[in-house]
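Below is one structure, written out as structure tokens; comments come after it.
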Amino acid sequence: MNDKQIAIKSENLVKKFGNFVANDHLTFEVAQGEIFGFLGANGAGKTTAIKILCGISKPTSGNIRVAGFDVYTENEKIKKNIGYMSQRFSLYEELSIWENLRFYGGIYGLSAKTIRERSEAVLKRLGLEDQRNAHVRSLPLGWKQKLAFSVAILHRPGIVFLDEPTGGVDPITRRQFWDLIYEAAADGITVFVTTHYMDEAEYCQRVSIMVDGRIVALDKPTALKNTYSCKSMEEVFLKLAR
Amino acid sequence: MEAFIKKEFFHIFRDVRSMMILFGMPIVQLLVFGFAISTELNNAGIAIYDQSRDPMSKQLVQKIVSSGYFELQQVFSTNAEIEAGFKSGKIKAAIVIGKDFEKHFIQQDGAQIQIIADASDPNTASIISNYLQGITRAFQAEKLPNLKLPVEIKTESRLLYNPEMRSVFMFVPGTIAIILMLVSAMMTSISIAREKETGTMEILLASPLKPWQIILGKVTPYVILSFINAMTIVVVAWLVFEMPIKGSFLLLMGEAILFIVMSLTLGILISTVSPTQQVAMLLSMFALMLPTILLSGFIFPIENMPVVLQGISNIMPSRWFIIIMKSIMVKGSGFMYVWKETLIILGMTVFFGILSIKKFKIRLS
């Protein structure tokens, strides 16, 4: 594979907080357009790694390139080419749906016209056309999450990082959320998603499983199930995490 | 950037609490300070114990009562009543006029007046006794214009810049300092802490916006609103309390902007160390508001403080700002007279600015 087809390349990513090693020599590659599941129990170091890949925090050591740019020196270029949806809900509750779209479009430097067109498309896709002026606070959690995802890819980034996007959401809404993810991937957006719902892991093209800061397994879900002779990803995960 | 500032305005205008702090509080504070904190004397309750009851003593009493500063609450006829009168709390002072007042007064051989003041409130007591002495002296001069006092030292006091000793001249600059500090520092620190709390700060950091753009976007609305506030206060103070602006209005506003920017850097600094809105609010309250009120010379004169506190008051930005405000508004001084204080505030701005940018960066890595 040449550089263009590799969206994320991480070689020996290490992040230490004092003596605590949060990320211990993470090595993986994510191909352009792939849906990559980044699995692990709470506290395994997923969020730490995602923050480094997004350029919010600096790694201690390692050779990491995101969207073809170096995380140490080309931080700003990376930020223009990614979208990020954090674990915590990330829209402004006091602002309306429309204002949130306009704001995020604005900070990514989209023109007013582009923002209007894409926002209309988002509202149509989500069926929120008649609620554009509703405050985000008044929306149910599932809708908020779907909206947050749409906002994160409003500027058509090459890669989108989703940090536990479906936390606390019911199974039906989660399913709908994954439909959105598939649509984004079909448009060529690389999806890097962390989750601890193992049914969601099955939807990913490849997954890595992190335990205590290290990657202990990395493959297609079917291949992992074969290797560990399990029926579901849930079993694989429990086997490895123990 | 533009989108950011717009969004921040929406935020402020949607939030009732923010609006209250921004626009309600300054006016309320100004009016409360204006009417409540006053070193002027109005209608203080007094009692008279006139032992002579002759025409001269009655004229004196008349003069005291008609001065407007006092309200005659009680008339005593025995010494015992005086104590009871003070205990009832209705009177702040009692005036005892000695026997044969008129006779002694005309013969000039020691007419006696005793002023007894309730010093459980020392400030009022000394103001009352000063006023009463002034009135009796004037009375004496009026009745005996040819009187030569035994020792002829004439002290003539002239009160420059504020001849009526109006306390509004003192508190308006102080109130402006407090309000600008409150709005700028507290509101910015809370609003940045809110982004941290809700998680939107992370999204902003992951966006192509640079940290300085985020900060600038956050503080710009507050600069504008604080500035509007400063002007409102000056106008209200002028309309309601007849606070003058003898110096240059432009210079005044320029200094206000400098102080606002200084407060904002403090606000940013506070937000970098506070994880939540509550912490930011408490920190602003205790680390900024209280020292500003207590140590800036706003309420307690710096000259009367213990040396240690005088030293601490030197690092209170508001102390210097109040000096500048007073000089410009009351004395009409130009920039040449306040450049030193301006330089101090400028220095503080740079210091806090660099410190908060450093802190902000540390938090990122």
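The chains in the structure tokens are called A, B, ... from first to last as shown; in each chain the residues are counted from 1, and the ligands are counted from 1 in the order shown.
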Hey, what does DSSP flag as alpha helix (DSSP H) within stretch 55-231 of chain A? Can you give it to me as a PDB file with N, CA, C and O atoms, in the first residue's frame?
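The new file selection-v1.pdb reads:
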```
ATOM      1  N   ASN A  75       0.318  19.085  12.545  1.00  0.00           N
ATOM      2  CA  ASN A  75      -0.890  19.127  13.336  1.00  0.00           C
ATOM      3  C   ASN A  75      -2.057  19.878  12.692  1.00  0.00           C
ATOM      4  O   ASN A  75      -3.197  19.404  12.627  1.00  0.00           O
ATOM      5  N   GLU A  76      -1.756  21.086  12.210  1.00  0.00           N
ATOM      6  CA  GLU A  76      -2.815  21.942  11.660  1.00  0.00           C
ATOM      7  C   GLU A  76      -3.432  21.325  10.410  1.00  0.00           C
ATOM      8  O   GLU A  76      -4.638  21.399  10.194  1.00  0.00           O
ATOM      9  N   LYS A  77      -2.580  20.707   9.587  1.00  0.00           N
ATOM     10  CA  LYS A  77      -3.093  20.090   8.353  1.00  0.00           C
ATOM     11  C   LYS A  77      -3.974  18.892   8.690  1.00  0.00           C
ATOM     12  O   LYS A  77      -4.994  18.656   8.038  1.00  0.00           O
ATOM     13  N   ILE A  78      -3.573  18.168   9.715  1.00  0.00           N
ATOM     14  CA  ILE A  78      -4.389  17.022  10.136  1.00  0.00           C
ATOM     15  C   ILE A  78      -5.784  17.501  10.521  1.00  0.00           C
ATOM     16  O   ILE A  78      -6.796  16.964  10.076  1.00  0.00           O
ATOM     17  N   LYS A  79      -5.819  18.575  11.333  1.00  0.00           N
ATOM     18  CA  LYS A  79      -7.107  19.053  11.838  1.00  0.00           C
ATOM     19  C   LYS A  79      -8.064  19.452  10.730  1.00  0.00           C
ATOM     20  O   LYS A  79      -9.277  19.336  10.877  1.00  0.00           O
ATOM     21  N   LYS A  80      -7.512  19.941   9.621  1.00  0.00           N
ATOM     22  CA  LYS A  80      -8.392  20.330   8.512  1.00  0.00           C
ATOM     23  C   LYS A  80      -8.992  19.104   7.833  1.00  0.00           C
ATOM     24  O   LYS A  80     -10.026  19.195   7.182  1.00  0.00           O
ATOM     25  N   ASN A  81      -8.320  17.959   7.971  1.00  0.00           N
ATOM     26  CA  ASN A  81      -8.733  16.779   7.217  1.00  0.00           C
ATOM     27  C   ASN A  81      -9.478  15.730   8.025  1.00  0.00           C
ATOM     28  O   ASN A  81      -9.727  14.637   7.546  1.00  0.00           O
ATOM     29  N   ILE A  97     -30.590  23.753  16.099  1.00  0.00           N
ATOM     30  CA  ILE A  97     -29.942  22.801  15.193  1.00  0.00           C
ATOM     31  C   ILE A  97     -29.232  23.554  14.073  1.00  0.00           C
ATOM     32  O   ILE A  97     -28.071  23.315  13.771  1.00  0.00           O
ATOM     33  N   TRP A  98     -29.980  24.495  13.496  1.00  0.00           N
ATOM     34  CA  TRP A  98     -29.451  25.262  12.379  1.00  0.00           C
ATOM     35  C   TRP A  98     -28.203  26.048  12.790  1.00  0.00           C
ATOM     36  O   TRP A  98     -27.194  26.080  12.075  1.00  0.00           O
ATOM     37  N   GLU A  99     -28.263  26.668  13.960  1.00  0.00           N
ATOM     38  CA  GLU A  99     -27.121  27.467  14.417  1.00  0.00           C
ATOM     39  C   GLU A  99     -25.896  26.601  14.680  1.00  0.00           C
ATOM     40  O   GLU A  99     -24.761  26.992  14.395  1.00  0.00           O
ATOM     41  N   ASN A 100     -26.114  25.391  15.192  1.00  0.00           N
ATOM     42  CA  ASN A 100     -24.991  24.478  15.398  1.00  0.00           C
ATOM     43  C   ASN A 100     -24.331  24.122  14.073  1.00  0.00           C
ATOM     44  O   ASN A 100     -23.111  24.134  13.952  1.00  0.00           O
ATOM     45  N   LEU A 101     -25.173  23.809  13.093  1.00  0.00           N
ATOM     46  CA  LEU A 101     -24.625  23.464  11.775  1.00  0.00           C
ATOM     47  C   LEU A 101     -23.824  24.632  11.206  1.00  0.00           C
ATOM     48  O   LEU A 101     -22.710  24.459  10.709  1.00  0.00           O
ATOM     49  N   ARG A 102     -24.405  25.816  11.333  1.00  0.00           N
ATOM     50  CA  ARG A 102     -23.742  26.989  10.783  1.00  0.00           C
ATOM     51  C   ARG A 102     -22.421  27.270  11.506  1.00  0.00           C
ATOM     52  O   ARG A 102     -21.409  27.587  10.895  1.00  0.00           O
ATOM     53  N   PHE A 103     -22.452  27.110  12.829  1.00  0.00           N
ATOM     54  CA  PHE A 103     -21.244  27.356  13.615  1.00  0.00           C
ATOM     55  C   PHE A 103     -20.116  26.406  13.215  1.00  0.00           C
ATOM     56  O   PHE A 103     -19.004  26.828  12.925  1.00  0.00           O
ATOM     57  N   TYR A 104     -20.425  25.099  13.208  1.00  0.00           N
ATOM     58  CA  TYR A 104     -19.356  24.144  12.904  1.00  0.00           C
ATOM     59  C   TYR A 104     -18.892  24.267  11.455  1.00  0.00           C
ATOM     60  O   TYR A 104     -17.709  24.110  11.153  1.00  0.00           O
ATOM     61  N   GLY A 105     -19.844  24.560  10.566  1.00  0.00           N
ATOM     62  CA  GLY A 105     -19.436  24.816   9.189  1.00  0.00           C
ATOM     63  C   GLY A 105     -18.493  25.999   9.133  1.00  0.00           C
ATOM     64  O   GLY A 105     -17.472  25.977   8.446  1.00  0.00           O
ATOM     65  N   GLY A 106     -18.823  27.016   9.914  1.00  0.00           N
ATOM     66  CA  GLY A 106     -18.026  28.242   9.953  1.00  0.00           C
ATOM     67  C   GLY A 106     -16.617  28.020  10.456  1.00  0.00           C
ATOM     68  O   GLY A 106     -15.654  28.525   9.881  1.00  0.00           O
ATOM     69  N   ILE A 107     -16.469  27.229  11.522  1.00  0.00           N
ATOM     70  CA  ILE A 107     -15.111  27.080  12.045  1.00  0.00           C
ATOM     71  C   ILE A 107     -14.242  26.201  11.147  1.00  0.00           C
ATOM     72  O   ILE A 107     -13.024  26.239  11.234  1.00  0.00           O
ATOM     73  N   ALA A 112     -20.740  30.289   3.186  1.00  0.00           N
ATOM     74  CA  ALA A 112     -22.126  30.342   3.652  1.00  0.00           C
ATOM     75  C   ALA A 112     -23.026  29.483   2.773  1.00  0.00           C
ATOM     76  O   ALA A 112     -23.935  28.804   3.255  1.00  0.00           O
ATOM     77  N   LYS A 113     -22.739  29.506   1.476  1.00  0.00           N
ATOM     78  CA  LYS A 113     -23.566  28.760   0.530  1.00  0.00           C
ATOM     79  C   LYS A 113     -23.423  27.254   0.769  1.00  0.00           C
ATOM     80  O   LYS A 113     -24.419  26.530   0.846  1.00  0.00           O
ATOM     81  N   THR A 114     -22.172  26.813   0.885  1.00  0.00           N
ATOM     82  CA  THR A 114     -21.924  25.396   1.135  1.00  0.00           C
ATOM     83  C   THR A 114     -22.599  24.952   2.429  1.00  0.00           C
ATOM     84  O   THR A 114     -23.209  23.881   2.488  1.00  0.00           O
ATOM     85  N   ILE A 115     -22.471  25.788   3.457  1.00  0.00           N
ATOM     86  CA  ILE A 115     -23.068  25.434   4.739  1.00  0.00           C
ATOM     87  C   ILE A 115     -24.572  25.254   4.570  1.00  0.00           C
ATOM     88  O   ILE A 115     -25.157  24.280   5.048  1.00  0.00           O
ATOM     89  N   ARG A 116     -25.181  26.191   3.841  1.00  0.00           N
ATOM     90  CA  ARG A 116     -26.631  26.133   3.681  1.00  0.00           C
ATOM     91  C   ARG A 116     -27.033  24.853   2.953  1.00  0.00           C
ATOM     92  O   ARG A 116     -27.913  24.117   3.401  1.00  0.00           O
ATOM     93  N   GLU A 117     -26.333  24.580   1.861  1.00  0.00           N
ATOM     94  CA  GLU A 117     -26.684  23.389   1.071  1.00  0.00           C
ATOM     95  C   GLU A 117     -26.518  22.105   1.872  1.00  0.00           C
ATOM     96  O   GLU A 117     -27.417  21.271   1.930  1.00  0.00           O
ATOM     97  N   ARG A 118     -25.349  21.990   2.512  1.00  0.00           N
ATOM     98  CA  ARG A 118     -25.088  20.742   3.243  1.00  0.00           C
ATOM     99  C   ARG A 118     -25.992  20.598   4.442  1.00  0.00           C
ATOM    100  O   ARG A 118     -26.414  19.500   4.804  1.00  0.00           O
ATOM    101  N   SER A 119     -26.292  21.742   5.107  1.00  0.00           N
ATOM    102  CA  SER A 119     -27.162  21.682   6.272  1.00  0.00           C
ATOM    103  C   SER A 119     -28.558  21.218   5.869  1.00  0.00           C
ATOM    104  O   SER A 119     -29.171  20.392   6.549  1.00  0.00           O
ATOM    105  N   GLU A 120     -29.036  21.735   4.743  1.00  0.00           N
ATOM    106  CA  GLU A 120     -30.344  21.300   4.249  1.00  0.00           C
ATOM    107  C   GLU A 120     -30.343  19.792   4.027  1.00  0.00           C
ATOM    108  O   GLU A 120     -31.281  19.090   4.409  1.00  0.00           O
ATOM    109  N   ALA A 121     -29.248  19.320   3.410  1.00  0.00           N
ATOM    110  CA  ALA A 121     -29.142  17.889   3.130  1.00  0.00           C
ATOM    111  C   ALA A 121     -29.167  17.079   4.426  1.00  0.00           C
ATOM    112  O   ALA A 121     -29.838  16.034   4.513  1.00  0.00           O
ATOM    113  N   VAL A 122     -28.448  17.582   5.443  1.00  0.00           N
ATOM    114  CA  VAL A 122     -28.403  16.875   6.729  1.00  0.00           C
ATOM    115  C   VAL A 122     -29.798  16.822   7.343  1.00  0.00           C
ATOM    116  O   VAL A 122     -30.274  15.768   7.776  1.00  0.00           O
ATOM    117  N   LEU A 123     -30.481  17.976   7.351  1.00  0.00           N
ATOM    118  CA  LEU A 123     -31.809  18.037   7.962  1.00  0.00           C
ATOM    119  C   LEU A 123     -32.769  17.082   7.243  1.00  0.00           C
ATOM    120  O   LEU A 123     -33.573  16.402   7.866  1.00  0.00           O
ATOM    121  N   LYS A 124     -32.627  17.034   5.919  1.00  0.00           N
ATOM    122  CA  LYS A 124     -33.500  16.171   5.135  1.00  0.00           C
ATOM    123  C   LYS A 124     -33.223  14.709   5.464  1.00  0.00           C
ATOM    124  O   LYS A 124     -34.135  13.922   5.718  1.00  0.00           O
ATOM    125  N   ARG A 125     -31.921  14.367   5.492  1.00  0.00           N
ATOM    126  CA  ARG A 125     -31.519  12.987   5.754  1.00  0.00           C
ATOM    127  C   ARG A 125     -32.017  12.531   7.127  1.00  0.00           C
ATOM    128  O   ARG A 125     -32.446  11.401   7.318  1.00  0.00           O
ATOM    129  N   LEU A 126     -31.947  13.437   8.106  1.00  0.00           N
ATOM    130  CA  LEU A 126     -32.315  13.063   9.470  1.00  0.00           C
ATOM    131  C   LEU A 126     -33.811  13.290   9.738  1.00  0.00           C
ATOM    132  O   LEU A 126     -34.310  12.976  10.813  1.00  0.00           O
ATOM    133  N   LEU A 141     -31.791  12.023  22.981  1.00  0.00           N
ATOM    134  CA  LEU A 141     -30.359  11.732  22.885  1.00  0.00           C
ATOM    135  C   LEU A 141     -29.972  11.119  21.538  1.00  0.00           C
ATOM    136  O   LEU A 141     -28.973  11.518  20.937  1.00  0.00           O
ATOM    137  N   GLY A 142     -30.781  10.178  21.061  1.00  0.00           N
ATOM    138  CA  GLY A 142     -30.460   9.510  19.804  1.00  0.00           C
ATOM    139  C   GLY A 142     -30.345  10.489  18.652  1.00  0.00           C
ATOM    140  O   GLY A 142     -29.417  10.412  17.839  1.00  0.00           O
ATOM    141  N   TRP A 143     -31.289  11.416  18.588  1.00  0.00           N
ATOM    142  CA  TRP A 143     -31.254  12.427  17.533  1.00  0.00           C
ATOM    143  C   TRP A 143     -30.030  13.311  17.669  1.00  0.00           C
ATOM    144  O   TRP A 143     -29.402  13.676  16.680  1.00  0.00           O
ATOM    145  N   LYS A 144     -29.725  13.665  18.918  1.00  0.00           N
ATOM    146  CA  LYS A 144     -28.549  14.509  19.149  1.00  0.00           C
ATOM    147  C   LYS A 144     -27.299  13.829  18.601  1.00  0.00           C
ATOM    148  O   LYS A 144     -26.471  14.461  17.944  1.00  0.00           O
ATOM    149  N   GLN A 145     -27.183  12.516  18.891  1.00  0.00           N
ATOM    150  CA  GLN A 145     -25.982  11.805  18.461  1.00  0.00           C
ATOM    151  C   GLN A 145     -25.887  11.753  16.945  1.00  0.00           C
ATOM    152  O   GLN A 145     -24.826  11.948  16.373  1.00  0.00           O
ATOM    153  N   LYS A 146     -27.019  11.501  16.316  1.00  0.00           N
ATOM    154  CA  LYS A 146     -27.005  11.442  14.851  1.00  0.00           C
ATOM    155  C   LYS A 146     -26.641  12.807  14.267  1.00  0.00           C
ATOM    156  O   LYS A 146     -25.888  12.908  13.306  1.00  0.00           O
ATOM    157  N   LEU A 147     -27.197  13.839  14.901  1.00  0.00           N
ATOM    158  CA  LEU A 147     -26.894  15.194  14.455  1.00  0.00           C
ATOM    159  C   LEU A 147     -25.408  15.514  14.664  1.00  0.00           C
ATOM    160  O   LEU A 147     -24.750  16.080  13.784  1.00  0.00           O
ATOM    161  N   ALA A 148     -24.882  15.105  15.835  1.00  0.00           N
ATOM    162  CA  ALA A 148     -23.470  15.366  16.136  1.00  0.00           C
ATOM    163  C   ALA A 148     -22.575  14.697  15.097  1.00  0.00           C
ATOM    164  O   ALA A 148     -21.573  15.260  14.656  1.00  0.00           O
ATOM    165  N   PHE A 149     -22.967  13.481  14.677  1.00  0.00           N
ATOM    166  CA  PHE A 149     -22.173  12.790  13.663  1.00  0.00           C
ATOM    167  C   PHE A 149     -22.225  13.541  12.332  1.00  0.00           C
ATOM    168  O   PHE A 149     -21.202  13.772  11.690  1.00  0.00           O
ATOM    169  N   SER A 150     -23.424  13.971  11.966  1.00  0.00           N
ATOM    170  CA  SER A 150     -23.571  14.706  10.709  1.00  0.00           C
ATOM    171  C   SER A 150     -22.764  15.994  10.738  1.00  0.00           C
ATOM    172  O   SER A 150     -22.204  16.418   9.719  1.00  0.00           O
ATOM    173  N   VAL A 151     -22.726  16.626  11.913  1.00  0.00           N
ATOM    174  CA  VAL A 151     -21.955  17.857  12.068  1.00  0.00           C
ATOM    175  C   VAL A 151     -20.462  17.555  11.913  1.00  0.00           C
ATOM    176  O   VAL A 151     -19.718  18.304  11.278  1.00  0.00           O
ATOM    177  N   ALA A 152     -20.031  16.405  12.463  1.00  0.00           N
ATOM    178  CA  ALA A 152     -18.608  16.059  12.417  1.00  0.00           C
ATOM    179  C   ALA A 152     -18.131  15.791  10.999  1.00  0.00           C
ATOM    180  O   ALA A 152     -16.940  15.899  10.713  1.00  0.00           O
ATOM    181  N   PRO A 171     -30.952   0.294  21.103  1.00  0.00           N
ATOM    182  CA  PRO A 171     -30.449  -0.532  19.988  1.00  0.00           C
ATOM    183  C   PRO A 171     -30.957  -0.080  18.622  1.00  0.00           C
ATOM    184  O   PRO A 171     -30.207  -0.084  17.647  1.00  0.00           O
ATOM    185  N   ILE A 172     -32.227   0.361  18.547  1.00  0.00           N
ATOM    186  CA  ILE A 172     -32.759   0.757  17.247  1.00  0.00           C
ATOM    187  C   ILE A 172     -32.034   1.993  16.727  1.00  0.00           C
ATOM    188  O   ILE A 172     -31.588   2.053  15.575  1.00  0.00           O
ATOM    189  N   THR A 173     -31.886   2.985  17.610  1.00  0.00           N
ATOM    190  CA  THR A 173     -31.189   4.205  17.211  1.00  0.00           C
ATOM    191  C   THR A 173     -29.740   3.906  16.862  1.00  0.00           C
ATOM    192  O   THR A 173     -29.155   4.505  15.958  1.00  0.00           O
ATOM    193  N   ARG A 174     -29.155   2.939  17.587  1.00  0.00           N
ATOM    194  CA  ARG A 174     -27.766   2.572  17.295  1.00  0.00           C
ATOM    195  C   ARG A 174     -27.654   2.016  15.890  1.00  0.00           C
ATOM    196  O   ARG A 174     -26.731   2.320  15.145  1.00  0.00           O
ATOM    197  N   ARG A 175     -28.645   1.203  15.544  1.00  0.00           N
ATOM    198  CA  ARG A 175     -28.687   0.623  14.199  1.00  0.00           C
ATOM    199  C   ARG A 175     -28.756   1.748  13.155  1.00  0.00           C
ATOM    200  O   ARG A 175     -28.028   1.760  12.171  1.00  0.00           O
ATOM    201  N   GLN A 176     -29.630   2.734  13.412  1.00  0.00           N
ATOM    202  CA  GLN A 176     -29.767   3.868  12.483  1.00  0.00           C
ATOM    203  C   GLN A 176     -28.467   4.654  12.398  1.00  0.00           C
ATOM    204  O   GLN A 176     -28.067   5.118  11.340  1.00  0.00           O
ATOM    205  N   PHE A 177     -27.819   4.773  13.552  1.00  0.00           N
ATOM    206  CA  PHE A 177     -26.555   5.488  13.599  1.00  0.00           C
ATOM    207  C   PHE A 177     -25.536   4.800  12.696  1.00  0.00           C
ATOM    208  O   PHE A 177     -24.788   5.443  11.961  1.00  0.00           O
ATOM    209  N   TRP A 178     -25.532   3.464  12.774  1.00  0.00           N
ATOM    210  CA  TRP A 178     -24.575   2.733  11.935  1.00  0.00           C
ATOM    211  C   TRP A 178     -24.903   2.848  10.462  1.00  0.00           C
ATOM    212  O   TRP A 178     -24.007   2.805   9.611  1.00  0.00           O
ATOM    213  N   ASP A 179     -26.179   3.023  10.131  1.00  0.00           N
ATOM    214  CA  ASP A 179     -26.526   3.287   8.733  1.00  0.00           C
ATOM    215  C   ASP A 179     -25.817   4.548   8.252  1.00  0.00           C
ATOM    216  O   ASP A 179     -25.281   4.588   7.141  1.00  0.00           O
ATOM    217  N   LEU A 180     -25.831   5.571   9.129  1.00  0.00           N
ATOM    218  CA  LEU A 180     -25.145   6.823   8.775  1.00  0.00           C
ATOM    219  C   LEU A 180     -23.654   6.585   8.563  1.00  0.00           C
ATOM    220  O   LEU A 180     -23.028   7.136   7.651  1.00  0.00           O
ATOM    221  N   ILE A 181     -23.078   5.752   9.444  1.00  0.00           N
ATOM    222  CA  ILE A 181     -21.647   5.468   9.329  1.00  0.00           C
ATOM    223  C   ILE A 181     -21.349   4.784   7.991  1.00  0.00           C
ATOM    224  O   ILE A 181     -20.391   5.141   7.291  1.00  0.00           O
ATOM    225  N   TYR A 182     -22.200   3.808   7.607  1.00  0.00           N
ATOM    226  CA  TYR A 182     -21.991   3.118   6.327  1.00  0.00           C
ATOM    227  C   TYR A 182     -22.080   4.088   5.165  1.00  0.00           C
ATOM    228  O   TYR A 182     -21.299   4.027   4.221  1.00  0.00           O
ATOM    229  N   GLU A 183     -23.048   4.998   5.252  1.00  0.00           N
ATOM    230  CA  GLU A 183     -23.191   5.976   4.171  1.00  0.00           C
ATOM    231  C   GLU A 183     -21.936   6.826   4.029  1.00  0.00           C
ATOM    232  O   GLU A 183     -21.469   7.089   2.923  1.00  0.00           O
ATOM    233  N   ALA A 184     -21.400   7.226   5.196  1.00  0.00           N
ATOM    234  CA  ALA A 184     -20.198   8.053   5.186  1.00  0.00           C
ATOM    235  C   ALA A 184     -19.036   7.271   4.567  1.00  0.00           C
ATOM    236  O   ALA A 184     -18.277   7.796   3.745  1.00  0.00           O
ATOM    237  N   ALA A 185     -18.921   5.986   4.951  1.00  0.00           N
ATOM    238  CA  ALA A 185     -17.821   5.161   4.437  1.00  0.00           C
ATOM    239  C   ALA A 185     -17.983   4.971   2.934  1.00  0.00           C
ATOM    240  O   ALA A 185     -17.006   4.964   2.184  1.00  0.00           O
ATOM    241  N   ALA A 186     -19.222   4.822   2.491  1.00  0.00           N
ATOM    242  CA  ALA A 186     -19.474   4.665   1.059  1.00  0.00           C
ATOM    243  C   ALA A 186     -19.041   5.911   0.291  1.00  0.00           C
ATOM    244  O   ALA A 186     -18.642   5.841  -0.858  1.00  0.00           O
ATOM    245  N   MET A 198     -20.206  -4.828  21.749  1.00  0.00           N
ATOM    246  CA  MET A 198     -19.559  -5.786  20.861  1.00  0.00           C
ATOM    247  C   MET A 198     -20.385  -6.121  19.623  1.00  0.00           C
ATOM    248  O   MET A 198     -19.847  -6.555  18.612  1.00  0.00           O
ATOM    249  N   ASP A 199     -21.721  -5.879  19.684  1.00  0.00           N
ATOM    250  CA  ASP A 199     -22.494  -6.104  18.462  1.00  0.00           C
ATOM    251  C   ASP A 199     -22.060  -5.107  17.387  1.00  0.00           C
ATOM    252  O   ASP A 199     -22.058  -5.401  16.198  1.00  0.00           O
ATOM    253  N   GLU A 200     -21.669  -3.911  17.829  1.00  0.00           N
ATOM    254  CA  GLU A 200     -21.207  -2.907  16.874  1.00  0.00           C
ATOM    255  C   GLU A 200     -19.878  -3.313  16.246  1.00  0.00           C
ATOM    256  O   GLU A 200     -19.584  -2.966  15.107  1.00  0.00           O
ATOM    257  N   ALA A 201     -19.069  -4.042  17.035  1.00  0.00           N
ATOM    258  CA  ALA A 201     -17.771  -4.482  16.522  1.00  0.00           C
ATOM    259  C   ALA A 201     -17.962  -5.325  15.263  1.00  0.00           C
ATOM    260  O   ALA A 201     -17.151  -5.284  14.344  1.00  0.00           O
ATOM    261  N   PRO A 221     -13.405  -9.087  11.981  1.00  0.00           N
ATOM    262  CA  PRO A 221     -14.186  -9.751  13.034  1.00  0.00           C
ATOM    263  C   PRO A 221     -14.327 -11.263  12.786  1.00  0.00           C
ATOM    264  O   PRO A 221     -14.175 -12.053  13.723  1.00  0.00           O
ATOM    265  N   THR A 222     -14.582 -11.639  11.534  1.00  0.00           N
ATOM    266  CA  THR A 222     -14.739 -13.084  11.247  1.00  0.00           C
ATOM    267  C   THR A 222     -13.448 -13.837  11.536  1.00  0.00           C
ATOM    268  O   THR A 222     -13.452 -14.914  12.136  1.00  0.00           O
ATOM    269  N   ALA A 223     -12.320 -13.243  11.135  1.00  0.00           N
ATOM    270  CA  ALA A 223     -11.018 -13.885  11.354  1.00  0.00           C
ATOM    271  C   ALA A 223     -10.743 -14.026  12.848  1.00  0.00           C
ATOM    272  O   ALA A 223     -10.255 -15.062  13.308  1.00  0.00           O
ATOM    273  N   LEU A 224     -11.086 -12.997  13.616  1.00  0.00           N
ATOM    274  CA  LEU A 224     -10.859 -13.055  15.065  1.00  0.00           C
ATOM    275  C   LEU A 224     -11.696 -14.160  15.699  1.00  0.00           C
ATOM    276  O   LEU A 224     -11.221 -14.900  16.554  1.00  0.00           O
ATOM    277  N   LYS A 225     -12.959 -14.246  15.236  1.00  0.00           N
ATOM    278  CA  LYS A 225     -13.834 -15.279  15.795  1.00  0.00           C
ATOM    279  C   LYS A 225     -13.280 -16.672  15.497  1.00  0.00           C
ATOM    280  O   LYS A 225     -13.309 -17.558  16.340  1.00  0.00           O
ATOM    281  N   ASN A 226     -12.714 -16.844  14.283  1.00  0.00           N
ATOM    282  CA  ASN A 226     -12.100 -18.124  13.938  1.00  0.00           C
ATOM    283  C   ASN A 226     -10.889 -18.425  14.797  1.00  0.00           C
ATOM    284  O   ASN A 226     -10.750 -19.518  15.361  1.00  0.00           O
ATOM    285  N   THR A 227     -10.003 -17.428  14.875  1.00  0.00           N
ATOM    286  CA  THR A 227      -8.759 -17.616  15.610  1.00  0.00           C
ATOM    287  C   THR A 227      -9.026 -18.058  17.044  1.00  0.00           C
ATOM    288  O   THR A 227      -8.380 -18.961  17.564  1.00  0.00           O
TER     289      THR A 227
END
```
- Message: Quick one: residues within 12 Å of B:Pro55, only C-alpha atoms, excluding same-chain residues fewer than 2 positions away - as a ChimeraX atom specification?
- Response: /B:50,52-53,57-62,100-103,105
Could you turn the residues from that selection into a file that holds C-alpha atoms, as an mmCIF file, in the first residue's frame?
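The result, written out as selection.cif:
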```
data_model
loop_
_atom_site.group_PDB
_atom_site.id
_atom_site.type_symbol
_atom_site.label_atom_id
_atom_site.label_comp_id
_atom_site.auth_asym_id
_atom_site.auth_seq_id
_atom_site.Cartn_x
_atom_site.Cartn_y
_atom_site.Cartn_z
ATOM 1 C CA ASP B 50 -31.516 72.707 76.762
ATOM 2 C CA SER B 52 -31.240 77.432 79.852
ATOM 3 C CA ARG B 53 -34.177 77.761 77.454
ATOM 4 C CA SER B 57 -30.139 78.841 73.095
ATOM 5 C CA LYS B 58 -33.397 78.468 71.221
ATOM 6 C CA GLN B 59 -31.866 80.171 68.216
ATOM 7 C CA LEU B 60 -28.943 77.776 68.316
ATOM 8 C CA VAL B 61 -31.250 74.771 68.442
ATOM 9 C CA GLN B 62 -33.194 76.217 65.565
ATOM 10 C CA ASP B 100 -27.515 80.651 81.515
ATOM 11 C CA PHE B 101 -26.326 80.183 77.986
ATOM 12 C CA GLU B 102 -27.308 83.618 76.730
ATOM 13 C CA LYS B 103 -25.705 85.440 79.688
ATOM 14 C CA PHE B 105 -22.486 83.897 75.638
#
```
- For B:Ile214: contacts at 9 Å, only C-alpha atoms, fewer than 4 positions along chain excluded, given as a PyMOL selection string: chain B and resi 1+4+204-205+209-210+218-219
